[in-house]
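Take a look at the structure set out below.
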Amino acid sequence: MRHGRRELSDSMSEIVNDKQFMKRLGKHPKLETVEDYRKAVKAYHTLCEQERDGEGIFPDLAGLRLYLGKSKGELKLLMDGDGDFAMGLRDVFDEAQDMRESWLARKMCSDNRRAIGCMNALKQQENGGYTDKPVDSSEKTLTINVSGIKGGAKAFK
């Protein structure tokens with residue numbers, strides 16, 4: 001299916017606006033402590049909420065990493081381990097996930113045009129990991145009664 005000129009034009013302007021938004025984010029914040037990370041995450045979310053004349057843009061994880069100036073691998077290394085810093089960072093990024101999940105849920109409920117897109121984003125693990133069906137993680141057992149079978153359990157070897 002081909003896009004109309006207007007649709008394509010609107011899509012391109014959103015991409016350009018997002019690039020301009022990323023430029024407005026400015027220099028990466030100085031991050032040395034867990035509290036520095038917490039403040040930076042909140043600042044990123046606040047900036048996202050102020051975009052598009054207060055309508056806001058989705059505070060995605062990739063955008064957050066760009067804002068922080070950290071790659072996926074760098075953040076993973078920082079959050080690995082049992083030390084206070086690693087555990088604190090995991091808490092900060094759990095809070096950031098809650099903020100993304102809340103943003104999507106509120107947007108989905110208040111704007112019918114975006115409900116499907118928000119639900120799809122909510123299904124991504126980093127945004128909440130919603131599922132359409134409950135996940136059954138309980139262990140199942142199977143019992144095979146071999147009485148009456150010629151050779152018994154040996155017949156299944």
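To be explicit about the labels: the chains of the structure tokens are called A, B, and onward in the order shown, and within each one the residues are counted from 1, while ligands get numbers from 1 in the order they are shown.
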
Inset, instruction - For Ala86 of chain A, list every protein, DNA or RNA residue within 10 Å, evaluated using only C-alpha atoms, and leave out those in the same chain fewer than 5 positions away; present the list as an NGL selection string. - result: :A and (34 or 75-81 or 91-92)

Do you have, as CSV, the list of residues of segment 68-105 of chain A lying at most 12 Å from segment 27-32 of chain A, each with its nearest atom pair and that distance in Å to one decimal, counting only C-alpha atoms and ordered by chain then number?
residue,atom,partner,partner_atom,distance
A:Leu68,CA,A:His28,CA,5.4
A:Gly69,CA,A:His28,CA,5.7
A:Lys70,CA,A:His28,CA,9.1
A:Leu75,CA,A:Leu31,CA,11.8
A:Leu78,CA,A:Glu32,CA,11.1
A:Phe85,CA,A:Glu32,CA,9.8
A:Leu89,CA,A:Glu32,CA,11.1

For the selection just defined, write its residues with C-alpha atoms to a file, as a short mmCIF file (atom, residue, chain, number, x, y, z; two decimals), in the first residue's frame.
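Resulting contents of again_26.cif:
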data_model
loop_
_atom_site.label_atom_id
_atom_site.label_comp_id
_atom_site.auth_asym_id
_atom_site.auth_seq_id
_atom_site.Cartn_x
_atom_site.Cartn_y
_atom_site.Cartn_z
CA LEU A 68 22.30 9.37 29.37
CA GLY A 69 25.07 8.75 26.83
CA LYS A 70 25.17 5.05 27.75
CA LEU A 75 24.19 -0.08 31.41
CA LEU A 78 26.78 -1.15 35.58
CA PHE A 85 25.43 0.87 43.12
CA LEU A 89 20.65 1.43 39.31
#

Sorted per-residue table, segment 32-73 of chain A near segment 112-134 of chain A, closest atoms and distance, 10 Å, only C-alpha atoms, as a tab-separated table:
residue	atom	partner	partner_atom	distance
A:Phe58	CA	A:Cys118	CA	9.6
A:Asp60	CA	A:Asn127	CA	8.4
A:Leu61	CA	A:Glu126	CA	7.4

Inset, instruction - Measure the distance from atom CA of Tyr67 of chain A to atom CA of Phe93 of chain A in Å and round it to one decimal. - result: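 That distance, rounded to one decimal, is 13.8 Å.
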
Legend entry - Distance query Ile57 of chain A at most 7 Å, only C-alpha atoms, self and fewer than 6 positions along chain excluded, as number ranges by chain: A: 48-49, 51

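The gap separating atom CA of Ala105 of chain A from atom CA of Glu74 of chain A is 29.1 Å, in Å to one decimal.
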